[in-house]
Amino acid sequence: MKMFTPKYPLIQKIFSKVQCYTIVFLLTPGIFVFQMTVVFPHLATTLDASIPKQVAHICLATFCFINVVGNMIFSILIDSTVKRPNKEGTFCEYCRMLRPAKSWHCRQCNVCILKRDHHCTFIARCVGLYNQRYFILFLGHVMVSMIYATYYNYYYVSAKFEDHGWIVSAFRIINPLLRFIIPEPMSIKDMYVVYLFMNVGLIVWSGCLFIYHLRNVVMGVTAYEAKYSELMNSTNWRANLISVFGTKWYLAILWPLADSPLPDYVKWE
Ligand SMILES: [Zn+2]
Ligand SMILES: [Zn+2]
């Protein structure tokens with residue numbers, strides 16, 4: 001008798017969950033709290049910002065935070081699994097049922113996913129028909145939020161290194177030999193430079209993924225289909241965008257709780 005052996009061991013499943021919960025409970029709230037309790041009060045004082053300007057920044061930062069966290073939570077909670085067999089389509093040998101077009105089995109989730117895009121280890125689940133919009137908007141809002149935060153973090157970090165520039169500190173972190181050139185010992189202050197690099201890293205990471213996934217949506221393909229250039233077609237780009245972000249896409253991109261239903265031709269119950 002042929003036995004099914006799981007391809008992904010338990011340790012890999014645990015690792016994917018750890019990545020997910022690190023972002024959900026530590027990284028995103030951590031960055032927001034640091035910006036609002038350390039960077040913001042410092043810059044508001046040194047730049048002598050007016051009260052309306054301070055209120056505007058508090059509102060904008062909160063708006064970014066809600067969009068990042070909201071889209072992330074919905075991309076985790078909203079389910080795109082195939083719940084019942086379809087009358088036609090391809091047969092899944094694991095679920096023993098027919099599934100609609102573009103639906104594929106995920107061995108990590110161990111279910112078939114409607115319009116499966118890919119399995120994301122950071123959210124520890126598959127991106128499919130119903131949660132794809134939240135996943136892409138999460139990436140987009142992380143990118144915009146980190147550009148906004150990094151602009152101000154740059155001023156904040158630069159102010160910490162009045163004696164020698166932060167670039168010297170950065171070189172010393174990369175090459176420990178430079179400790180002998182700079183008389184001042186390394187301190188907690190140098191961690192701000194690491195933080196600045198982390199900011200830039202997050203912009204590059206989220207930006208590359210956001211552009212890649214948005215391009216696939218515009219071209220009307222999933223991440224799997226994107227390997228085949230002949231399947232890409234940008235002539236229906238508007239319909240392709242609506243088929244992911246919904247009929248009220250202009251609200252969905254601004255607010256994760258906005259009601260933007262998918263058009264009937266892509267819905268699947
Ligand atoms: Zn299946
Ligand atoms: Zn999966």
# chains A, B, ... in the order shown; residues from 1 in each chain; ligands from 1
>>> select_by_dssp(residues="region 19-199 of chain A", states="strand (DSSP E or B)", output="list in words")
Thr81, Thr90, Phe91, Cys92, Met97, Leu98, Arg99, Trp104, His105, Cys106, Val111, Cys112, Ile113, His118, His119, Cys120, Arg125, Cys126 and Val127 of chain A
>>> residues_around(residues="Phe63 (chain A)", least_positions_apart="5", cutoff="9 Å", atoms="only C-alpha atoms", output="list in words")
Ile58, Val68, Leu254 and Trp255 of chain A
>>> write_last_selection(atoms="N, CA and C atoms", output="short mmCIF file (atom, residue, chain, number, x, y, z; two decimals), in the first residue's frame")
data_model
loop_
_atom_site.label_atom_id
_atom_site.label_comp_id
_atom_site.auth_asym_id
_atom_site.auth_seq_id
_atom_site.Cartn_x
_atom_site.Cartn_y
_atom_site.Cartn_z
N ILE A 58 0.66 62.33 13.72
CA ILE A 58 0.10 61.26 14.56
C ILE A 58 -1.01 60.52 13.79
N VAL A 68 -1.33 48.50 7.85
CA VAL A 68 -0.36 47.39 7.86
C VAL A 68 -0.92 46.23 8.68
N LEU A 254 -7.28 51.96 0.74
CA LEU A 254 -7.12 52.95 1.81
C LEU A 254 -7.53 52.46 3.18
N TRP A 255 -8.35 51.38 3.21
CA TRP A 255 -8.90 50.96 4.51
C TRP A 255 -9.17 49.46 4.48
#
>>> residues_near_ligand(ligand="ligand 1", cutoff="10 Å", atoms="only C-alpha atoms and all ligand atoms", output="JSON, numbers by chain")
{"A": [81, 82, 91, 92, 93, 94, 95, 96, 97, 98, 99, 103, 104, 105, 106, 107, 109, 110, 111, 112, 113]}
>>> write_last_selection(atoms="N, CA and C atoms", output="PDB file, in the first residue's frame")
ATOM      1  N   THR A  81      -9.706  28.335   1.088  1.00  0.00           N
ATOM      2  CA  THR A  81      -9.663  26.899   0.784  1.00  0.00           C
ATOM      3  C   THR A  81     -10.898  26.470  -0.026  1.00  0.00           C
ATOM      4  N   VAL A  82     -10.715  25.408  -0.813  1.00  0.00           N
ATOM      5  CA  VAL A  82     -11.832  24.816  -1.559  1.00  0.00           C
ATOM      6  C   VAL A  82     -12.621  23.973  -0.551  1.00  0.00           C
ATOM      7  N   PHE A  91      -8.569  16.961 -10.769  1.00  0.00           N
ATOM      8  CA  PHE A  91      -8.773  16.093  -9.602  1.00  0.00           C
ATOM      9  C   PHE A  91      -7.581  16.208  -8.650  1.00  0.00           C
ATOM     10  N   CYS A  92      -7.886  16.415  -7.342  1.00  0.00           N
ATOM     11  CA  CYS A  92      -6.807  16.460  -6.350  1.00  0.00           C
ATOM     12  C   CYS A  92      -6.693  15.081  -5.708  1.00  0.00           C
ATOM     13  N   GLU A  93      -5.518  14.473  -5.822  1.00  0.00           N
ATOM     14  CA  GLU A  93      -5.343  13.117  -5.296  1.00  0.00           C
ATOM     15  C   GLU A  93      -5.249  13.096  -3.775  1.00  0.00           C
ATOM     16  N   TYR A  94      -4.977  14.246  -3.143  1.00  0.00           N
ATOM     17  CA  TYR A  94      -4.898  14.292  -1.675  1.00  0.00           C
ATOM     18  C   TYR A  94      -6.277  14.519  -1.059  1.00  0.00           C
ATOM     19  N   CYS A  95      -7.047  15.479  -1.649  1.00  0.00           N
ATOM     20  CA  CYS A  95      -8.386  15.786  -1.116  1.00  0.00           C
ATOM     21  C   CYS A  95      -9.447  14.867  -1.715  1.00  0.00           C
ATOM     22  N   ARG A  96      -9.094  14.103  -2.742  1.00  0.00           N
ATOM     23  CA  ARG A  96     -10.002  13.183  -3.441  1.00  0.00           C
ATOM     24  C   ARG A  96     -11.246  13.911  -3.939  1.00  0.00           C
ATOM     25  N   MET A  97     -11.066  15.030  -4.649  1.00  0.00           N
ATOM     26  CA  MET A  97     -12.228  15.748  -5.201  1.00  0.00           C
ATOM     27  C   MET A  97     -11.792  16.610  -6.386  1.00  0.00           C
ATOM     28  N   LEU A  98     -12.822  17.035  -7.170  1.00  0.00           N
ATOM     29  CA  LEU A  98     -12.553  17.948  -8.285  1.00  0.00           C
ATOM     30  C   LEU A  98     -12.511  19.377  -7.742  1.00  0.00           C
ATOM     31  N   ARG A  99     -11.612  20.172  -8.271  1.00  0.00           N
ATOM     32  CA  ARG A  99     -11.495  21.564  -7.806  1.00  0.00           C
ATOM     33  C   ARG A  99     -11.535  22.500  -9.011  1.00  0.00           C
ATOM     34  N   SER A 103      -7.132  26.345  -9.079  1.00  0.00           N
ATOM     35  CA  SER A 103      -7.017  25.910  -7.677  1.00  0.00           C
ATOM     36  C   SER A 103      -5.998  24.779  -7.586  1.00  0.00           C
ATOM     37  N   TRP A 104      -5.131  24.858  -6.576  1.00  0.00           N
ATOM     38  CA  TRP A 104      -4.085  23.860  -6.420  1.00  0.00           C
ATOM     39  C   TRP A 104      -3.974  23.428  -4.969  1.00  0.00           C
ATOM     40  N   HIS A 105      -3.422  22.227  -4.785  1.00  0.00           N
ATOM     41  CA  HIS A 105      -3.244  21.694  -3.440  1.00  0.00           C
ATOM     42  C   HIS A 105      -1.968  22.262  -2.821  1.00  0.00           C
ATOM     43  N   CYS A 106      -2.035  22.637  -1.533  1.00  0.00           N
ATOM     44  CA  CYS A 106      -0.833  23.067  -0.817  1.00  0.00           C
ATOM     45  C   CYS A 106      -0.462  21.965   0.168  1.00  0.00           C
ATOM     46  N   ARG A 107       0.766  21.490   0.085  1.00  0.00           N
ATOM     47  CA  ARG A 107       1.182  20.391   0.958  1.00  0.00           C
ATOM     48  C   ARG A 107       1.453  20.869   2.378  1.00  0.00           C
ATOM     49  N   CYS A 109      -0.332  23.474   3.917  1.00  0.00           N
ATOM     50  CA  CYS A 109      -1.657  23.693   4.520  1.00  0.00           C
ATOM     51  C   CYS A 109      -2.489  22.408   4.471  1.00  0.00           C
ATOM     52  N   ASN A 110      -2.117  21.498   3.568  1.00  0.00           N
ATOM     53  CA  ASN A 110      -2.807  20.225   3.337  1.00  0.00           C
ATOM     54  C   ASN A 110      -4.266  20.398   2.936  1.00  0.00           C
ATOM     55  N   VAL A 111      -4.548  21.415   2.121  1.00  0.00           N
ATOM     56  CA  VAL A 111      -5.879  21.638   1.542  1.00  0.00           C
ATOM     57  C   VAL A 111      -5.696  22.191   0.127  1.00  0.00           C
ATOM     58  N   CYS A 112      -6.791  22.183  -0.647  1.00  0.00           N
ATOM     59  CA  CYS A 112      -6.759  22.838  -1.957  1.00  0.00           C
ATOM     60  C   CYS A 112      -7.166  24.294  -1.760  1.00  0.00           C
ATOM     61  N   ILE A 113      -6.481  25.190  -2.479  1.00  0.00           N
ATOM     62  CA  ILE A 113      -6.707  26.628  -2.328  1.00  0.00           C
ATOM     63  C   ILE A 113      -7.280  27.193  -3.624  1.00  0.00           C
TER      64      ILE A 113
END
>>> closest_residue(among="A:Leu262, A:Met198, A:Ile147, A:Ile123", to="ligand 2", atoms="only C-alpha atoms and all ligand atoms")
A:Ile123
>>> closest_residue(among="A:Met143, A:Val244, A:Leu257, A:Leu196", to="Ser158 (chain A)", atoms="only C-alpha atoms")
A:Leu196
>>> closest_residue(among="A:Ile76, A:Ile211, A:Ala44, A:Leu251", to="Phe135 (chain A)", atoms="only C-alpha atoms")
A:Ile76
>>> residues_around(residues="region 224-234 of chain A", least_positions_apart="4", cutoff="9 Å", atoms="only C-alpha atoms", output="list in words")
Arg116, Asp117, His118, Asn216, Val218, Met219, Gly220, Arg238 and Asn240 of chain A
>>> atom_distance(atom1="CA of His57 (chain A)", atom2="CA of Phe138 (chain A)")
20.5 Å
>>> select_by_dssp(residues="region 31-192 of chain A", states="alpha helix (DSSP H)", output="number ranges by chain")
A: 31-34, 40-46, 51-77, 132-160, 166-174, 190-192
>>> atom_distance(atom1="CA of Gly89 (chain A)", atom2="CA of Val266 (chain A)")
15.1 Å
>>> closest_residue(among="A:Met191, A:Ala258, A:Val127, A:Val217", to="ligand 2", atoms="only C-alpha atoms and all ligand atoms")
A:Val127
>>> closest_residue(among="A:Pro256, A:Gly70, A:Gly165, A:Gly128", to="ligand 2", atoms="only C-alpha atoms and all ligand atoms")
A:Gly128
>>> residues_around(residues="Ile173 (chain A)", least_positions_apart="3", cutoff="9 Å", atoms="only C-alpha atoms", output="list in words")
Val168, Ser169, Ala170, Pro176, Leu178, Arg179, Met186, Asp190, Val193 and Val194 of chain A
